[in-house]
Amino acid sequence: MEENKPLDIDPLMMEFLLDHYKHPHNYGELEPAEMSYEDGNPSCGDQIKISLNTKNGIVDEIKFKGKGCIVSQSAASILTDMVKGKKIEDIKTISREEMLENLIIPIGPMRLKCALLALKVLKRAIWGKQFDGDDEDE
Amino acid sequence: MEENKPLDIDPLMMEFLLDHYKHPHNYGELEPAEMSYEDGNPSCGDQIKISLNTKNGIVDEIKFKGKGCIVSQSAASILTDMVKGKKIEDIKTISREEMLENLIIPIGPMRLKCALLALKVLKRAIWGKQFDGDDEDE
Amino acid sequence: MEQLQLSQSEIEKIREDFPILNRKINDKQLIYLDNAATTQKPLSVIESMSEFLKKSNANIHRAIHILSYEATLAYENAHKIVAKFIGAKSFREIVFVRNATEALNLIAHSFGERFLTSSDEVVLTIMEHHSNIVPWLILRDKIGIKVKFIKTKEDGTLDYDEAEKLITKRTKLLGVIQASNVLGTVNNILRLRDLAKSVNAKFLVDGAQSLPHIPINVSDLGCDFFVASAHKMVGPTGIGFLYAKRELLEEMPPFLTGGDMIREVTVDGATWNELPFKFEAGTPAFTEAVGFAEAIKYLQNIKIERILNYEKTLEKYILEKLKTMSFIEFYGHQKGEHLALFSFNIKGVHPHDAASFLNSFGIAVRSGNHCAQPLMNHLKIENALRASFYFYNTNNEAEKLFSTLEEANKFFNR
Amino acid sequence: MEQLQLSQSEIEKIREDFPILNRKINDKQLIYLDNAATTQKPLSVIESMSEFLKKSNANIHRAIHILSYEATLAYENAHKIVAKFIGAKSFREIVFVRNATEALNLIAHSFGERFLTSSDEVVLTIMEHHSNIVPWLILRDKIGIKVKFIKTKEDGTLDYDEAEKLITKRTKLLGVIQASNVLGTVNNILRLRDLAKSVNAKFLVDGAQSLPHIPINVSDLGCDFFVASAHKMVGPTGIGFLYAKRELLEEMPPFLTGGDMIREVTVDGATWNELPFKFEAGTPAFTEAVGFAEAIKYLQNIKIERILNYEKTLEKYILEKLKTMSFIEFYGHQKGEHLALFSFNIKGVHPHDAASFLNSFGIAVRSGNHCAQPLMNHLKIENALRASFYFYNTNNEAEKLFSTLEEANKFFNR
Ligand SMILES: Cc1ncc(COP(=O)(O)O)c(C=O)c1O
Ligand SMILES: Cc1ncc(COP(=O)(O)O)c(C=O)c1O
Ligand code: FES
Ligand code: FES
């Protein structure tokens with residue numbers, strides 16, 4: 001087997017996420033909402049729901065609700081910040097890498113699913129179920 | 001794993017069996033026969049049929065027929081010699097070891113089934129199917 | 001006279017047999033507490049397989065050459081070693097499969113097909129691992145049997161009163177986990193056996209978690225089926241076994257079919273080989289059988305009784321400590337016998353976050369639903385941390401777990 | 001530029017990778033010619049597994065700790081390596097099972113249950129190994145499909161004219177062995193594929209004997225199913241795979257059920273995990289997956305094309321020689337492509353006796369019906385010797401086989 005050097009979450013660095021977790025930005029639900037989607041990680045049961053309204057093709061309002069681990073919930077907090085005021089079209093191009101970079105601290109591979117759940121939910125809220133955010137590993 | 005020292009059939013020693021194989025004793029079939037039985041080794045398809053008649057509880061006539069490898073066929077030739085004139089009762093006590101000894105040359109474990117087929121057939125001819133000669137290894 | 005308890009110095013020596021225990025994680029010494037998922041392997045097990053591959057590797061059965069003979073002997077011998085280890089009457093009652101899961105599927109398919117019809121009921125416990133639930137639910141959907149579950153009481157033990165009610169004349173099989181992989185509870189198997197026998201139901205014991213720790217004799221136990229996996233008892237992956245009473249195996253139809261398990265094949269049909277090979281289709285995991293046999297020898301050398309005693313002491317020690325840690329919510333361990341296996345949560349902290357934190361300090365625990373969702377639902381927990389100990393774990397390691405949990409609590413719950 | 005043929009000196013170097021080839025049998029150098037039953041393993045494969053067990057062993061999936069991550073990565077990576085090796089589009093199309101036999105059973109059960117009804121027909125060849133016959137006969141007995149067999153002609157090749165007649169609109173699956181484990185014949189897979197596709201039947205290829213020797217690309221081949229075993233291609237026992245097109249796997253119900261293959265379980269039912277894990281119930285043979293990946297790397301390092309070329313030369317050389325040995329009756333090798341695999345008998349000598357004789361001289365060949373009784377019946381032979389070569393075998397070893405066969409003939413037929 002090759003030598004793997006898995007990144008791991010340094011607990012001290014986790015503080016950055018912990019702040020978002022304890023004081024989430026954009027928490028709540030928009031009603032009515034132009035677009036919304038809810039999904040979870042089946043392996044842990046954690047959930048995120050994102051709802052948003054647009055104006056002239058731009059994200060006008062966005063909120064998230066959910067329960068789960070620090071990584072998934074803080075990622076949702078960070079992602080909703082990221083896209084507020086952005087063109088819907090530009091959200092399509094947000095890559096997994098970009099999402100991870102915005103979490104600031106390196107995310108261990110066992111927590112990738114946590115870190116990327118919010119992005120998947122957001123993209124599905126906009127482009128529907130056919131958007132398959134999971135299958136990068138072919 | 002433990003070190004196994006499997007005995008093997010030395011081809012030069014096989015000559016003894018080869019003689020029996022080429023010139024089998026007691027070859028043929030008794031008709032009518034008081035007792036007879038036919039069986040085979042399923043894994044190779046080889047067959048042996050033994051038929052015998054008794055007088056006063058003693059093996060009076062015995063014959064075998066079959067097709068198969070040198071070991072199985074020569075064993076049948078040797079076994080039928082062994083039991084001719086013996087008390088039926090005494091056949092019950094012929095052990096696998098005794099059979100093997102009478103083949104003179106050491107029999108490798110992969111050929112045990114060959115070497116013991118005739119004995120099994122003989123015992124079943126006398127005591128019926130419930131005699132389970134196979135299951136020594138429990 | 002030999003001590004019935006493993007001494008600290010013996011444990012130290014035992015630890016040297018396990019190369020992985022020297023591993024460093026983030027410069028910290030590995031503390032491996034995920035033994036209920038799979039255990040580590042002693043060098044003797046690892047080397048028995050490499051040596052086999054370097055010296056005797058050949059396909060088994062039906063060949064005349066010596067390598068094949070050696071492989072066949074080793075393979076059949078492994079059946080005998082397992083048979084003896086669990087008190088089976090004959091090696092013919094031991095069927096090698098990939099793991100406990102395959103053994104349970106074999107039973108549901110083969111026994112189910114031959115012996116069950118739509119009016120029959122299968123009773124399980126709510127503690128069962130998914131592998132002893134899903135095959136029965138599938139069978140239910142296919143042939144219409146009913147599947148019923150014995151619940152646990154508040155104190156984490158099985159509700160034996162409910163069991164008495166659920167088990168009726170319609171019950172054709174009672175399937176129970178001997179030791180829970182979530183709560184550590186060791187169920188009262190004899191009591192359950194008597195319940196099954198009182199209605200003439202077959203009695204199936206899932207020994208995946210018990211066999212590594214508890215002396216078992218299937219003949220005394222009087223079970224009809226017993227299953228386990230080698231990888232949970234210092235043996236290799238890729239092999240586990242089904243024990244079943246011979247009469248049952250004789251009557252059950254084969255499950256997987258193909259080479260080695262047949263006697264004769266024509267274009268019209270086939271007849272079957274003798275036991276246990278009737279159930280072992282294709283080239284079996286014979287290298288793994290060699291490793292499994294070596295694993296059992298390793299355990300026997302230490303003695304399962306002594307392993308159990310040592311782990312009992314460890315369990316008591318840990319339990320006392322957990323009770324003093326008010327930020328910990330733990331499940332089970334209230335009444336009756338338990339393995340040194342603990343499921344718990346740091347209050348207010350997601351177990352995956354806690355597990356990440358522990359991992360940073362070299363401590364490997366599992367977090368999740370432990371393939372026992374019905375039990376988790378019943379207990380009303382979604383996920384939990386699980387620390388499961390084996391005989392090579394030490395008090396020191398438990399201490400390190402405690403102090404790191406305290407750190408984690410301070411960090412997450414400030 | 002690299003030679004497309006393996007040179008004698010390369011073979012010598014390759015042989016050093018295989019520890020068992022140094023083994024002595026009765027003081028004679030082992031000559032291992034039973035490769036169609038199982039192949040030997042290079043040190044790199046053996047050590048990849050011991051190293052894994054010493055460093056990264058942990059159960060895969062769903063754990064946060066690093067060992068489990070490493071094990072999961074290695075396990076998933078092995079799927080990817082197999083996928084790439086056979087030209088599958090995605091690792092999700094690779095299901096790990098114990099061996100080719102289990103893969104074939106999985107197809108018969110899961111595909112059969114979902115897609116076949118009593119009016120349907122499955123067409124096989126008379127050359128199939130029992131593992132691609134018996135599961136279909138069992139299915140026939142259960143749901144009433146018809147199973148038909150394409151025979152071989154006098155020259156040992158498949159009767160493609162008969163195939164055209166047997167394959168009709170009722171044919172729902174055509175299952176063929178790519179290379180015969182008795183005759184060495186390499187079947188015309190593209191022609192058979194076209195026949196299957198002309199009636200919209202699924203096309204199943206048993207690659208257990210072909211994949212070790214012949215470059216395969218399942219996408220080019222256009223098959224729906226492809227199966228093989230690691231142990232026949234310098235990999236470990238306990239692991240093999242099913243390749244199937246993704247759409248098919250999506251629609252097929254799971255076969256074995258239990259842990260790891262589910263998404264959610266309640267007492268009422270279950271939903272399934274994503275591919276390929278939906279078909280991989282319980283703790284898989286992850287150590288063996290590491291060894292299998294290493295085996296494929298080993299073969300890729302040499303290059304399958306060069307292995308094939310070398311073996312072709314060996315095949316021709318042996319065939320020429322066999323033709324001159326009038327006391328030998330051999331089967332097949334008359335027309336078309338063949339592996340360096342020969343079934344034959346010394347006239348008038350039981351193959352088990354001949355095999356014992358060869359064994360005394362250190363030569364390991366198989367003797368028996370080779371789990372292909374329908375073919376043997378069709379050829380009207382009961383048993384045969386089989387010498388099957390691999391790339392580590394040499395001309396010298398073939399010579400030794402010839403001279404020992406001559407000795408055997410002299411001894412038995414004097
Ligand atoms: C053509 C063919 N298919 C299938 C098999 C079965 O392989 P396994 O025993 O590894 O399942 C074999 C093995 O001999 C074979 O030769
Ligand atoms: C109680 C119990 N039964 C069955 C299993 C399944 O074992 P395997 O994954 O080896 O098939 C497990 C494994 O976690 C278990 O804990
Ligand atoms: S653990 Fe569930 S999303 Fe992180
Ligand atoms: S080979 Fe069939 S009895 Fe000897």
# chains A, B, ... in the order shown; residues from 1 in each chain; ligands from 1
call {"tool": "closest_atom_pairs", "arguments": {"of": "chain D", "to": "chain B", "cutoff": "7 Å", "atoms": "only C-alpha atoms", "output": "Markdown table"}}
result
| residue | atom | partner | partner_atom | distance |
| --- | --- | --- | --- | --- |
| D:His350 | CA | B:Cys69 | CA | 5.3 |
| D:His352 | CA | B:Cys69 | CA | 6.7 |
| D:Asp353 | CA | B:Cys69 | CA | 6.2 |
| D:Ser356 | CA | B:Ile9 | CA | 6.8 |
| D:Phe357 | CA | B:Pro11 | CA | 5.9 |
| D:Ser360 | CA | B:Asp10 | CA | 6.5 |
| D:Gly368 | CA | B:Cys44 | CA | 6.2 |
| D:Asn383 | CA | B:Cys44 | CA | 6.9 |
call {"tool": "write_last_selection", "arguments": {"atoms": "N, CA and C atoms", "output": "PDB file, in the first residue's frame"}}
result
ATOM      1  N   HIS D 350      -4.544 -44.370 -15.882  1.00  0.00           N
ATOM      2  CA  HIS D 350      -5.457 -43.504 -15.143  1.00  0.00           C
ATOM      3  C   HIS D 350      -4.742 -42.200 -14.795  1.00  0.00           C
ATOM      4  N   HIS D 352      -4.957 -40.160 -12.415  1.00  0.00           N
ATOM      5  CA  HIS D 352      -4.512 -40.018 -11.026  1.00  0.00           C
ATOM      6  C   HIS D 352      -3.206 -40.782 -10.793  1.00  0.00           C
ATOM      7  N   ASP D 353      -3.057 -41.921 -11.444  1.00  0.00           N
ATOM      8  CA  ASP D 353      -1.790 -42.650 -11.320  1.00  0.00           C
ATOM      9  C   ASP D 353      -0.661 -41.866 -11.981  1.00  0.00           C
ATOM     10  N   SER D 356       0.281 -39.012  -9.742  1.00  0.00           N
ATOM     11  CA  SER D 356       1.113 -39.460  -8.621  1.00  0.00           C
ATOM     12  C   SER D 356       2.561 -39.635  -9.075  1.00  0.00           C
ATOM     13  N   PHE D 357       2.701 -40.216 -10.239  1.00  0.00           N
ATOM     14  CA  PHE D 357       4.043 -40.440 -10.774  1.00  0.00           C
ATOM     15  C   PHE D 357       4.759 -39.104 -10.984  1.00  0.00           C
ATOM     16  N   SER D 360       5.912 -37.487  -7.829  1.00  0.00           N
ATOM     17  CA  SER D 360       7.147 -38.037  -7.262  1.00  0.00           C
ATOM     18  C   SER D 360       8.370 -37.349  -7.837  1.00  0.00           C
ATOM     19  N   GLY D 368      -8.350 -34.889 -13.064  1.00  0.00           N
ATOM     20  CA  GLY D 368      -9.737 -34.965 -12.625  1.00  0.00           C
ATOM     21  C   GLY D 368     -10.646 -34.510 -13.734  1.00  0.00           C
ATOM     22  N   ASN D 383     -11.723 -38.400 -17.016  1.00  0.00           N
ATOM     23  CA  ASN D 383     -10.748 -37.629 -16.281  1.00  0.00           C
ATOM     24  C   ASN D 383      -9.583 -37.332 -17.204  1.00  0.00           C
TER      25      ASN D 383
END
call {"tool": "select_by_dssp", "arguments": {"residues": "range 19-114 of chain A", "states": "strand (DSSP E or B)", "output": "ChimeraX atom specification"}}
result
/A:27,35-40,47-55,58-67,87
call {"tool": "residues_near_ligand", "arguments": {"ligand": "ligand 2", "cutoff": "8 Å", "atoms": "only C-alpha atoms and all ligand atoms", "output": "PDB file with N, CA, C and O atoms, in the first residue's frame"}}
result
ATOM      1  N   ALA C  36     -14.338  -3.885  18.519  1.00  0.00           N
ATOM      2  CA  ALA C  36     -15.605  -4.519  18.144  1.00  0.00           C
ATOM      3  C   ALA C  36     -15.809  -4.449  16.630  1.00  0.00           C
ATOM      4  O   ALA C  36     -16.545  -5.257  16.066  1.00  0.00           O
ATOM      5  N   ALA C  37     -15.153  -3.482  15.987  1.00  0.00           N
ATOM      6  CA  ALA C  37     -15.234  -3.401  14.524  1.00  0.00           C
ATOM      7  C   ALA C  37     -14.323  -4.451  13.912  1.00  0.00           C
ATOM      8  O   ALA C  37     -14.730  -5.239  13.059  1.00  0.00           O
ATOM      9  N   THR C  38     -13.067  -4.433  14.329  1.00  0.00           N
ATOM     10  CA  THR C  38     -12.149  -5.508  13.957  1.00  0.00           C
ATOM     11  C   THR C  38     -10.982  -5.447  14.919  1.00  0.00           C
ATOM     12  O   THR C  38     -10.635  -4.375  15.416  1.00  0.00           O
ATOM     13  N   ARG C  98     -17.407 -15.949   4.278  1.00  0.00           N
ATOM     14  CA  ARG C  98     -16.548 -14.758   4.359  1.00  0.00           C
ATOM     15  C   ARG C  98     -16.588 -14.127   5.744  1.00  0.00           C
ATOM     16  O   ARG C  98     -15.578 -13.670   6.255  1.00  0.00           O
ATOM     17  N   ASN C  99     -17.758 -14.107   6.342  1.00  0.00           N
ATOM     18  CA  ASN C  99     -17.922 -13.380   7.606  1.00  0.00           C
ATOM     19  C   ASN C  99     -19.264 -13.774   8.229  1.00  0.00           C
ATOM     20  O   ASN C  99     -20.044 -14.518   7.622  1.00  0.00           O
ATOM     21  N   ALA C 100     -19.512 -13.259   9.407  1.00  0.00           N
ATOM     22  CA  ALA C 100     -20.760 -13.575  10.099  1.00  0.00           C
ATOM     23  C   ALA C 100     -21.959 -13.199   9.236  1.00  0.00           C
ATOM     24  O   ALA C 100     -22.969 -13.911   9.205  1.00  0.00           O
ATOM     25  N   THR C 101     -21.844 -12.101   8.529  1.00  0.00           N
ATOM     26  CA  THR C 101     -22.930 -11.642   7.666  1.00  0.00           C
ATOM     27  C   THR C 101     -23.312 -12.695   6.631  1.00  0.00           C
ATOM     28  O   THR C 101     -24.497 -12.989   6.428  1.00  0.00           O
ATOM     29  N   GLU C 102     -22.317 -13.258   5.971  1.00  0.00           N
ATOM     30  CA  GLU C 102     -22.622 -14.278   4.965  1.00  0.00           C
ATOM     31  C   GLU C 102     -23.255 -15.495   5.619  1.00  0.00           C
ATOM     32  O   GLU C 102     -24.185 -16.100   5.080  1.00  0.00           O
ATOM     33  N   ALA C 103     -22.776 -15.848   6.811  1.00  0.00           N
ATOM     34  CA  ALA C 103     -23.349 -16.999   7.513  1.00  0.00           C
ATOM     35  C   ALA C 103     -24.829 -16.759   7.798  1.00  0.00           C
ATOM     36  O   ALA C 103     -25.662 -17.656   7.600  1.00  0.00           O
ATOM     37  N   GLU C 128     -30.187  -6.762  17.645  1.00  0.00           N
ATOM     38  CA  GLU C 128     -29.435  -7.422  16.579  1.00  0.00           C
ATOM     39  C   GLU C 128     -28.677  -6.419  15.705  1.00  0.00           C
ATOM     40  O   GLU C 128     -29.132  -5.309  15.458  1.00  0.00           O
ATOM     41  N   HIS C 129     -27.559  -6.876  15.246  1.00  0.00           N
ATOM     42  CA  HIS C 129     -26.798  -6.193  14.207  1.00  0.00           C
ATOM     43  C   HIS C 129     -27.602  -6.281  12.906  1.00  0.00           C
ATOM     44  O   HIS C 129     -28.341  -7.232  12.702  1.00  0.00           O
ATOM     45  N   HIS C 130     -27.448  -5.291  12.024  1.00  0.00           N
ATOM     46  CA  HIS C 130     -28.189  -5.312  10.751  1.00  0.00           C
ATOM     47  C   HIS C 130     -28.092  -6.648  10.028  1.00  0.00           C
ATOM     48  O   HIS C 130     -29.018  -7.053   9.334  1.00  0.00           O
ATOM     49  N   SER C 131     -26.964  -7.313  10.202  1.00  0.00           N
ATOM     50  CA  SER C 131     -26.764  -8.552   9.447  1.00  0.00           C
ATOM     51  C   SER C 131     -27.674  -9.680   9.925  1.00  0.00           C
ATOM     52  O   SER C 131     -27.861 -10.658   9.213  1.00  0.00           O
ATOM     53  N   ASN C 132     -28.234  -9.557  11.112  1.00  0.00           N
ATOM     54  CA  ASN C 132     -29.220 -10.545  11.556  1.00  0.00           C
ATOM     55  C   ASN C 132     -30.640  -9.970  11.523  1.00  0.00           C
ATOM     56  O   ASN C 132     -31.548 -10.514  12.135  1.00  0.00           O
ATOM     57  N   ILE C 177     -28.440 -12.063  19.380  1.00  0.00           N
ATOM     58  CA  ILE C 177     -27.063 -11.629  19.499  1.00  0.00           C
ATOM     59  C   ILE C 177     -26.613 -12.030  20.907  1.00  0.00           C
ATOM     60  O   ILE C 177     -27.320 -11.781  21.882  1.00  0.00           O
ATOM     61  N   GLN C 178     -25.469 -12.704  20.997  1.00  0.00           N
ATOM     62  CA  GLN C 178     -25.061 -13.116  22.341  1.00  0.00           C
ATOM     63  C   GLN C 178     -24.535 -11.944  23.143  1.00  0.00           C
ATOM     64  O   GLN C 178     -24.838 -11.815  24.328  1.00  0.00           O
ATOM     65  N   ALA C 179     -23.741 -11.099  22.494  1.00  0.00           N
ATOM     66  CA  ALA C 179     -23.253  -9.893  23.177  1.00  0.00           C
ATOM     67  C   ALA C 179     -23.482  -8.721  22.245  1.00  0.00           C
ATOM     68  O   ALA C 179     -23.131  -8.774  21.072  1.00  0.00           O
ATOM     69  N   SER C 180     -24.073  -7.665  22.784  1.00  0.00           N
ATOM     70  CA  SER C 180     -24.435  -6.516  21.951  1.00  0.00           C
ATOM     71  C   SER C 180     -23.206  -5.708  21.552  1.00  0.00           C
ATOM     72  O   SER C 180     -22.378  -5.379  22.393  1.00  0.00           O
ATOM     73  N   ASN C 181     -23.136  -5.362  20.268  1.00  0.00           N
ATOM     74  CA  ASN C 181     -22.003  -4.544  19.796  1.00  0.00           C
ATOM     75  C   ASN C 181     -22.225  -3.062  20.088  1.00  0.00           C
ATOM     76  O   ASN C 181     -21.386  -2.242  19.755  1.00  0.00           O
ATOM     77  N   ASP C 206     -25.900 -15.274  17.298  1.00  0.00           N
ATOM     78  CA  ASP C 206     -24.892 -14.466  16.622  1.00  0.00           C
ATOM     79  C   ASP C 206     -23.755 -14.240  17.616  1.00  0.00           C
ATOM     80  O   ASP C 206     -23.876 -13.453  18.543  1.00  0.00           O
ATOM     81  N   GLY C 207     -22.663 -14.951  17.382  1.00  0.00           N
ATOM     82  CA  GLY C 207     -21.530 -14.895  18.310  1.00  0.00           C
ATOM     83  C   GLY C 207     -20.415 -13.980  17.855  1.00  0.00           C
ATOM     84  O   GLY C 207     -19.301 -14.065  18.379  1.00  0.00           O
ATOM     85  N   ALA C 208     -20.701 -13.095  16.894  1.00  0.00           N
ATOM     86  CA  ALA C 208     -19.633 -12.249  16.352  1.00  0.00           C
ATOM     87  C   ALA C 208     -18.918 -11.460  17.451  1.00  0.00           C
ATOM     88  O   ALA C 208     -17.697 -11.317  17.425  1.00  0.00           O
ATOM     89  N   GLN C 209     -19.678 -10.956  18.437  1.00  0.00           N
ATOM     90  CA  GLN C 209     -19.037 -10.188  19.503  1.00  0.00           C
ATOM     91  C   GLN C 209     -18.698 -11.025  20.732  1.00  0.00           C
ATOM     92  O   GLN C 209     -17.863 -10.625  21.531  1.00  0.00           O
ATOM     93  N   SER C 210     -19.333 -12.165  20.892  1.00  0.00           N
ATOM     94  CA  SER C 210     -19.089 -12.939  22.112  1.00  0.00           C
ATOM     95  C   SER C 210     -17.904 -13.896  21.978  1.00  0.00           C
ATOM     96  O   SER C 210     -17.074 -14.004  22.883  1.00  0.00           O
ATOM     97  N   ALA C 228     -19.842 -16.510  13.483  1.00  0.00           N
ATOM     98  CA  ALA C 228     -18.829 -15.544  13.923  1.00  0.00           C
ATOM     99  C   ALA C 228     -17.875 -15.223  12.776  1.00  0.00           C
ATOM    100  O   ALA C 228     -17.875 -15.901  11.743  1.00  0.00           O
ATOM    101  N   SER C 229     -17.088 -14.172  12.972  1.00  0.00           N
ATOM    102  CA  SER C 229     -16.093 -13.715  11.992  1.00  0.00           C
ATOM    103  C   SER C 229     -14.694 -13.819  12.586  1.00  0.00           C
ATOM    104  O   SER C 229     -14.485 -13.393  13.717  1.00  0.00           O
ATOM    105  N   ALA C 230     -13.738 -14.296  11.789  1.00  0.00           N
ATOM    106  CA  ALA C 230     -12.359 -14.404  12.281  1.00  0.00           C
ATOM    107  C   ALA C 230     -11.739 -13.046  12.590  1.00  0.00           C
ATOM    108  O   ALA C 230     -10.970 -12.911  13.544  1.00  0.00           O
ATOM    109  N   HIS C 231     -12.077 -12.043  11.787  1.00  0.00           N
ATOM    110  CA  HIS C 231     -11.370 -10.760  11.925  1.00  0.00           C
ATOM    111  C   HIS C 231     -11.659 -10.063  13.250  1.00  0.00           C
ATOM    112  O   HIS C 231     -10.943  -9.128  13.620  1.00  0.00           O
ATOM    113  N   LYS C 232     -12.687 -10.497  13.961  1.00  0.00           N
ATOM    114  CA  LYS C 232     -12.986  -9.905  15.273  1.00  0.00           C
ATOM    115  C   LYS C 232     -12.340 -10.683  16.409  1.00  0.00           C
ATOM    116  O   LYS C 232     -12.602 -10.411  17.578  1.00  0.00           O
ATOM    117  N   THR C 237      -9.248 -11.119   7.799  1.00  0.00           N
ATOM    118  CA  THR C 237     -10.482 -10.818   7.086  1.00  0.00           C
ATOM    119  C   THR C 237     -10.731 -11.925   6.067  1.00  0.00           C
ATOM    120  O   THR C 237      -9.869 -12.757   5.805  1.00  0.00           O
ATOM    121  N   GLY C 240     -15.033 -16.422   8.017  1.00  0.00           N
ATOM    122  CA  GLY C 240     -15.873 -16.540   9.191  1.00  0.00           C
ATOM    123  C   GLY C 240     -16.528 -17.897   9.063  1.00  0.00           C
ATOM    124  O   GLY C 240     -16.206 -18.655   8.143  1.00  0.00           O
ATOM    125  N   HIS C 370     -23.337   2.061  14.443  1.00  0.00           N
ATOM    126  CA  HIS C 370     -22.846   0.724  14.744  1.00  0.00           C
ATOM    127  C   HIS C 370     -23.692  -0.387  14.112  1.00  0.00           C
ATOM    128  O   HIS C 370     -23.808  -1.474  14.665  1.00  0.00           O
ATOM    129  N   CYS C 371     -24.244  -0.094  12.926  1.00  0.00           N
ATOM    130  CA  CYS C 371     -25.020  -1.121  12.209  1.00  0.00           C
ATOM    131  C   CYS C 371     -26.087  -1.731  13.111  1.00  0.00           C
ATOM    132  O   CYS C 371     -26.308  -2.948  13.096  1.00  0.00           O
TER     133      CYS C 371
ATOM    134  N   GLY D 258     -26.977  -6.894   5.064  1.00  0.00           N
ATOM    135  CA  GLY D 258     -26.467  -6.768   6.420  1.00  0.00           C
ATOM    136  C   GLY D 258     -25.747  -5.444   6.581  1.00  0.00           C
ATOM    137  O   GLY D 258     -26.171  -4.445   5.991  1.00  0.00           O
ATOM    138  N   GLY D 259     -24.662  -5.419   7.335  1.00  0.00           N
ATOM    139  CA  GLY D 259     -23.936  -4.186   7.579  1.00  0.00           C
ATOM    140  C   GLY D 259     -23.310  -3.640   6.314  1.00  0.00           C
ATOM    141  O   GLY D 259     -23.083  -4.373   5.356  1.00  0.00           O
ATOM    142  N   ASP D 260     -23.053  -2.329   6.308  1.00  0.00           N
ATOM    143  CA  ASP D 260     -22.289  -1.662   5.258  1.00  0.00           C
ATOM    144  C   ASP D 260     -23.025  -1.517   3.931  1.00  0.00           C
ATOM    145  O   ASP D 260     -22.697  -0.650   3.140  1.00  0.00           O
ATOM    146  N   ALA D 281     -22.015  -6.840   1.490  1.00  0.00           N
ATOM    147  CA  ALA D 281     -22.552  -6.889   2.846  1.00  0.00           C
ATOM    148  C   ALA D 281     -21.510  -7.390   3.834  1.00  0.00           C
ATOM    149  O   ALA D 281     -20.766  -8.320   3.539  1.00  0.00           O
ATOM    150  N   GLY D 282     -21.481  -6.775   4.987  1.00  0.00           N
ATOM    151  CA  GLY D 282     -20.582  -7.240   6.046  1.00  0.00           C
ATOM    152  C   GLY D 282     -19.169  -6.751   5.826  1.00  0.00           C
ATOM    153  O   GLY D 282     -18.871  -6.073   4.848  1.00  0.00           O
ATOM    154  N   THR D 283     -18.316  -7.102   6.774  1.00  0.00           N
ATOM    155  CA  THR D 283     -16.918  -6.701   6.660  1.00  0.00           C
ATOM    156  C   THR D 283     -16.295  -7.398   5.465  1.00  0.00           C
ATOM    157  O   THR D 283     -16.241  -8.620   5.417  1.00  0.00           O
ATOM    158  N   PRO D 284     -15.852  -6.632   4.487  1.00  0.00           N
ATOM    159  CA  PRO D 284     -15.311  -7.276   3.285  1.00  0.00           C
ATOM    160  C   PRO D 284     -13.885  -7.760   3.519  1.00  0.00           C
ATOM    161  O   PRO D 284     -13.281  -7.508   4.558  1.00  0.00           O
TER     162      PRO D 284
END
call {"tool": "residues_around", "arguments": {"residues": "range 108-124 of chain C", "least_positions_apart": "4", "cutoff": "9 Å", "atoms": "only C-alpha atoms", "output": "ChimeraX atom specification"}}
result
/C:103-104,128,132-133,135-136,138-140,143-150,163,166-177,201,248-249,251-255
call {"tool": "atom_distance", "arguments": {"atom1": "CA of Thr72 in chain D", "atom2": "CA of Ile60 in chain D"}}
result
4.6 Å
call {"tool": "select_by_dssp", "arguments": {"residues": "range 10-123 of chain A", "states": "alpha helix (DSSP H)", "output": "VMD selection string"}}
result
chain A and resid 15 to 22 70 to 83 88 to 92 96 to 102 112 to 123
call {"tool": "residues_around", "arguments": {"residues": "Tyr27 in chain B", "least_positions_apart": "3", "cutoff": "6 Å", "atoms": "only C-alpha atoms", "output": "VMD selection string"}}
result
chain B and resid 24 63 to 65
call {"tool": "write_last_selection", "arguments": {"atoms": "C-alpha atoms", "output": "short mmCIF file (atom, residue, chain, number, x, y, z; two decimals), in the first residue's frame"}}
result
data_model
loop_
_atom_site.label_atom_id
_atom_site.label_comp_id
_atom_site.auth_asym_id
_atom_site.auth_seq_id
_atom_site.Cartn_x
_atom_site.Cartn_y
_atom_site.Cartn_z
CA PRO B 24 -5.99 -59.01 -10.82
CA LYS B 63 -15.05 -61.72 -6.83
CA PHE B 64 -14.62 -58.11 -7.75
CA LYS B 65 -15.11 -56.09 -10.87
#
call {"tool": "residues_around", "arguments": {"residues": "Asn26 in chain B", "least_positions_apart": "5", "cutoff": "10 Å", "atoms": "only C-alpha atoms", "output": "VMD selection string"}}
result
chain B and resid 50 61 to 65 76 to 81 84
